[in-house]
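K.L.:
I have a structure here, written as structure tokens, and I will follow up with some questions on it.
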Amino acid sequence: MTRPIELWYWPTPNGWKISIALEEMGLAYEMKPVNIGVGEQFQPDFQAISPNGRMPAIVDPDGPGGEPISIFESGAILQYLGLKSGKFYPTDPRAKAEVDQWLFWQVGGLGPMAGQTHHFRQYAPALIKDQRQIAYGVSRYTNETHRLYGVLNRRLADRDFVAGDYSIADMACWPWLLPEAQGQDLADFPNLRAWVERVGARPGVVAGKAVGADLRRDLGRAGSEADAARKVLFGQRAR
């Protein structure tokens, strides 16, 4: 009997990448919440799985050779799941290289830049009293996110999906397209808007995005609970 994959997870764009992939690939999994707002990512048991202290991470009890394996970093997890399931990750060298390019573009560009945009637009106003101190960050990262939206918009001018057929590259990119939070207007990017709607209508994407939705909190709001969560997330030190 196949044992479920453990998904160590919190409902954020990086977490959604993996919950979407598991749903799309039809792989059995069990969600293990990692409450990043109270510091559960720093617990020794979790850091044994994810040395960087970040979710998502997975533990596959039926890994290569039938032995358990743990994997951290969302891009590596997507590649592993694609290979394990034989879905959404091509084996043809040219097609695989196409998917890998856009997967790495997301983990090295779209995700970090959009993440900084979220920070300066959504969270920094609650952390810094003098709003003039965050103006440069807002401008810098909002503009860079706009540029990256444009890269995807041009890419999607003559294709339905980022790397040819629907793949883990789409699963990686789609959760990070949050235009309202990132100060963007999809009306400026018609190809991208169509892709966002196309991918978002897939049943596996709908199901994956809904995983743990009740756990999510708004860290941009005022209040002691949100203040404490922001301190955990943005005041981190080496442990």
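Following the order of the structure tokens, first chain is A, next is B, and so on, with residues numbered from 1 inside each chain and ligands from 1 in the order they appear.
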Where in region 24-181 of chain A does DSSP assign strand (DSSP E), given as number ranges by chain?

P.N.:
A: 29-33, 57-60, 69-72

K.L.:
For Ile77 (chain A), list every protein, DNA or RNA residue within 10 Å, evaluated using only C-alpha atoms, and leave out those in the same chain fewer than 2 positions away; present the list as a list in words.

P.N.:
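So the residues in contact are Lys17, Ile18, Ala21, Pro56, Ala57, Ile58, Val59, Ser70, Ile71, Phe72, Glu73, Ser74, Gly75, Gln79, Tyr80, Leu81, Gly82 and Leu83 of chain A.
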
K.L.:
Once you count only C-alpha atoms, what closest atom pair and distance in Å to one decimal does each residue of region 33-100 of chain A within 7 Å of region 155-175 of chain A have, with rows by chain and rising residue number, as a tab-separated table?

P.N.:
residue	atom	partner	partner_atom	distance
A:Leu78	CA	A:Ile168	CA	6.3
A:Phe88	CA	A:Ser167	CA	4.2
A:Tyr89	CA	A:Ser167	CA	5.9
A:Glu98	CA	A:Ala163	CA	5.7
A:Val99	CA	A:Ala163	CA	5.3

K.L.:
What is the distance between CA of Tyr9 (chain A) and CA of Met31 (chain A), in Å to one decimal?

P.N.:
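We find that CA of Tyr9 (chain A) and CA of Met31 (chain A) lie 6.6 Å from each other.
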
K.L.:
Looking at only C-alpha atoms, which of A:Val196, A:Leu110, A:Leu22, A:Ile134 is the one that sits closest to Lys87 (chain A)?

P.N.:
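Result for the nearest residue to Lys87 (chain A): A:Leu22.
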
K.L.:
Got a sec to tell me which of region 7-196 of chain A DSSP assigns to helix (DSSP H, G or I), as a PyMOL selection string?

P.N.:
chain A and resi 13-25+40-42+44-47+64-66+74-85+93-127+131-158+168-176+186-188+190-196

K.L.:
Between A:Asp214, A:Glu30, A:Asp100, A:Asp185, which one has atoms that come closest to Pro4 (chain A), using only C-alpha atoms?

P.N.:
A:Glu30

K.L.:
Compile the contact shell of Lys209 (chain A) as a PyMOL selection string: residues with an atom at most 8 Å away, counting only C-alpha atoms, same-chain residues fewer than 6 positions apart removed.

P.N.:
chain A and resi 11+16+19-20

K.L.:
With only C-alpha atoms as the atoms that count, which of A:Gly150, A:Pro51, A:Pro68, A:Pro90 lies nearest to Arg3 (chain A)?

P.N.:
A:Pro68

K.L.:
Can you tell me, as a PyMOL selection string, what residues are no more than 10 Å from Pro125 (chain A) when counting only C-alpha atoms, ignoring any on the same chain fewer than 4 positions away?

P.N.:
chain A and resi 119-121+129-135+220-221

K.L.:
Write the residues of the preceding selection, restricted to N, CA, C and O atoms, as a PDB file, in the first residue's frame.

P.N.:
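Once everything was written out, this is result25.pdb:
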ATOM      1  N   HIS A 119       6.397  42.521   0.730  1.00  0.00           N
ATOM      2  CA  HIS A 119       6.922  43.027   1.996  1.00  0.00           C
ATOM      3  C   HIS A 119       6.772  44.541   2.095  1.00  0.00           C
ATOM      4  O   HIS A 119       6.248  45.058   3.093  1.00  0.00           O
ATOM      5  N   PHE A 120       7.237  45.244   1.087  1.00  0.00           N
ATOM      6  CA  PHE A 120       7.239  46.699   1.176  1.00  0.00           C
ATOM      7  C   PHE A 120       5.848  47.307   1.014  1.00  0.00           C
ATOM      8  O   PHE A 120       5.565  48.349   1.612  1.00  0.00           O
ATOM      9  N   ARG A 121       4.988  46.655   0.247  1.00  0.00           N
ATOM     10  CA  ARG A 121       3.642  47.198   0.049  1.00  0.00           C
ATOM     11  C   ARG A 121       2.669  46.772   1.147  1.00  0.00           C
ATOM     12  O   ARG A 121       1.781  47.548   1.518  1.00  0.00           O
ATOM     13  N   LYS A 129       7.425  53.396  11.162  1.00  0.00           N
ATOM     14  CA  LYS A 129       6.559  54.558  11.377  1.00  0.00           C
ATOM     15  C   LYS A 129       6.741  55.612  10.294  1.00  0.00           C
ATOM     16  O   LYS A 129       5.771  56.216   9.832  1.00  0.00           O
ATOM     17  N   ASP A 130       7.978  55.885   9.908  1.00  0.00           N
ATOM     18  CA  ASP A 130       8.258  56.896   8.891  1.00  0.00           C
ATOM     19  C   ASP A 130       8.110  56.253   7.515  1.00  0.00           C
ATOM     20  O   ASP A 130       8.999  55.540   7.043  1.00  0.00           O
ATOM     21  N   GLN A 131       6.987  56.499   6.859  1.00  0.00           N
ATOM     22  CA  GLN A 131       6.702  55.841   5.589  1.00  0.00           C
ATOM     23  C   GLN A 131       7.666  56.256   4.480  1.00  0.00           C
ATOM     24  O   GLN A 131       7.786  55.554   3.468  1.00  0.00           O
ATOM     25  N   ARG A 132       8.363  57.367   4.673  1.00  0.00           N
ATOM     26  CA  ARG A 132       9.347  57.773   3.665  1.00  0.00           C
ATOM     27  C   ARG A 132      10.470  56.756   3.554  1.00  0.00           C
ATOM     28  O   ARG A 132      11.110  56.636   2.508  1.00  0.00           O
ATOM     29  N   GLN A 133      10.693  56.007   4.625  1.00  0.00           N
ATOM     30  CA  GLN A 133      11.775  55.015   4.616  1.00  0.00           C
ATOM     31  C   GLN A 133      11.469  53.824   3.714  1.00  0.00           C
ATOM     32  O   GLN A 133      12.379  53.111   3.310  1.00  0.00           O
ATOM     33  N   ILE A 134      10.198  53.595   3.425  1.00  0.00           N
ATOM     34  CA  ILE A 134       9.857  52.430   2.601  1.00  0.00           C
ATOM     35  C   ILE A 134       9.556  52.801   1.156  1.00  0.00           C
ATOM     36  O   ILE A 134       9.348  51.923   0.320  1.00  0.00           O
ATOM     37  N   ALA A 135       9.559  54.092   0.832  1.00  0.00           N
ATOM     38  CA  ALA A 135       9.151  54.523  -0.510  1.00  0.00           C
ATOM     39  C   ALA A 135      10.037  53.935  -1.606  1.00  0.00           C
ATOM     40  O   ALA A 135       9.540  53.504  -2.657  1.00  0.00           O
ATOM     41  N   GLY A 220      -0.787  42.038   7.410  1.00  0.00           N
ATOM     42  CA  GLY A 220      -0.707  43.477   7.191  1.00  0.00           C
ATOM     43  C   GLY A 220      -1.617  44.263   8.112  1.00  0.00           C
ATOM     44  O   GLY A 220      -1.547  45.485   8.155  1.00  0.00           O
ATOM     45  N   ARG A 221      -2.471  43.569   8.863  1.00  0.00           N
ATOM     46  CA  ARG A 221      -3.424  44.262   9.714  1.00  0.00           C
ATOM     47  C   ARG A 221      -2.761  44.677  11.026  1.00  0.00           C
ATOM     48  O   ARG A 221      -1.677  44.223  11.371  1.00  0.00           O
TER      49      ARG A 221
END

K.L.:
Provide the CA of Lys96 (chain A) to CA of Gly108 (chain A) distance in Å, to one decimal place.

P.N.:
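CA of Gly108 (chain A) lies at a distance of 17.9 Å from CA of Lys96 (chain A).
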
K.L.:
Go through A:Ala187, A:Ala114, A:Ile49, A:Ile69 and flag the residue nearest Asn14 (chain A), using only C-alpha atoms for the distances.

P.N.:
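With only C-alpha atoms as the atom set, the closest residue is A:Ala114.
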
K.L.:
Mind checking which residues fall within 10 Å of Ala194 (chain A), counting only C-alpha atoms, ignoring those fewer than 4 positions away in the same chain, and posting them as a PyMOL selection string?

P.N.:
chain A and resi 153+156+160+186+189-190+198-200

K.L.:
Take the residues from that selection and put them in a file with N, CA and C atoms, as a PDB file, in the first residue's frame.

P.N.:
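Here's the written file selection32.pdb:
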ATOM      1  N   ASN A 153       4.161  37.955 -20.028  1.00  0.00           N
ATOM      2  CA  ASN A 153       3.153  38.356 -21.021  1.00  0.00           C
ATOM      3  C   ASN A 153       3.668  38.139 -22.437  1.00  0.00           C
ATOM      4  N   LEU A 156       3.843  34.410 -23.330  1.00  0.00           N
ATOM      5  CA  LEU A 156       2.542  33.781 -23.545  1.00  0.00           C
ATOM      6  C   LEU A 156       1.802  34.329 -24.762  1.00  0.00           C
ATOM      7  N   ASP A 160      -0.197  28.635 -24.932  1.00  0.00           N
ATOM      8  CA  ASP A 160      -1.159  28.580 -23.838  1.00  0.00           C
ATOM      9  C   ASP A 160      -0.503  28.457 -22.479  1.00  0.00           C
ATOM     10  N   LEU A 186      -3.638  43.562 -14.394  1.00  0.00           N
ATOM     11  CA  LEU A 186      -3.545  42.566 -15.466  1.00  0.00           C
ATOM     12  C   LEU A 186      -4.119  43.069 -16.781  1.00  0.00           C
ATOM     13  N   PHE A 189      -1.543  43.414 -19.259  1.00  0.00           N
ATOM     14  CA  PHE A 189      -0.879  42.188 -19.692  1.00  0.00           C
ATOM     15  C   PHE A 189      -1.932  41.174 -20.166  1.00  0.00           C
ATOM     16  N   PRO A 190      -2.511  41.380 -21.328  1.00  0.00           N
ATOM     17  CA  PRO A 190      -3.649  40.539 -21.743  1.00  0.00           C
ATOM     18  C   PRO A 190      -3.312  39.065 -21.899  1.00  0.00           C
ATOM     19  N   ARG A 198      -6.815  30.757 -17.266  1.00  0.00           N
ATOM     20  CA  ARG A 198      -6.778  29.396 -17.815  1.00  0.00           C
ATOM     21  C   ARG A 198      -6.257  28.409 -16.772  1.00  0.00           C
ATOM     22  N   VAL A 199      -5.134  28.757 -16.154  1.00  0.00           N
ATOM     23  CA  VAL A 199      -4.557  27.871 -15.143  1.00  0.00           C
ATOM     24  C   VAL A 199      -5.447  27.828 -13.900  1.00  0.00           C
ATOM     25  N   GLY A 200      -5.960  28.968 -13.514  1.00  0.00           N
ATOM     26  CA  GLY A 200      -6.770  29.039 -12.308  1.00  0.00           C
ATOM     27  C   GLY A 200      -8.071  28.278 -12.377  1.00  0.00           C
TER      28      GLY A 200
END

K.L.:
In Å to one decimal, how far is CA of Leu152 (chain A) from CA of Met55 (chain A)?

P.N.:
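Separating CA of Met55 (chain A) from CA of Leu152 (chain A) is a distance of 25.5 Å.
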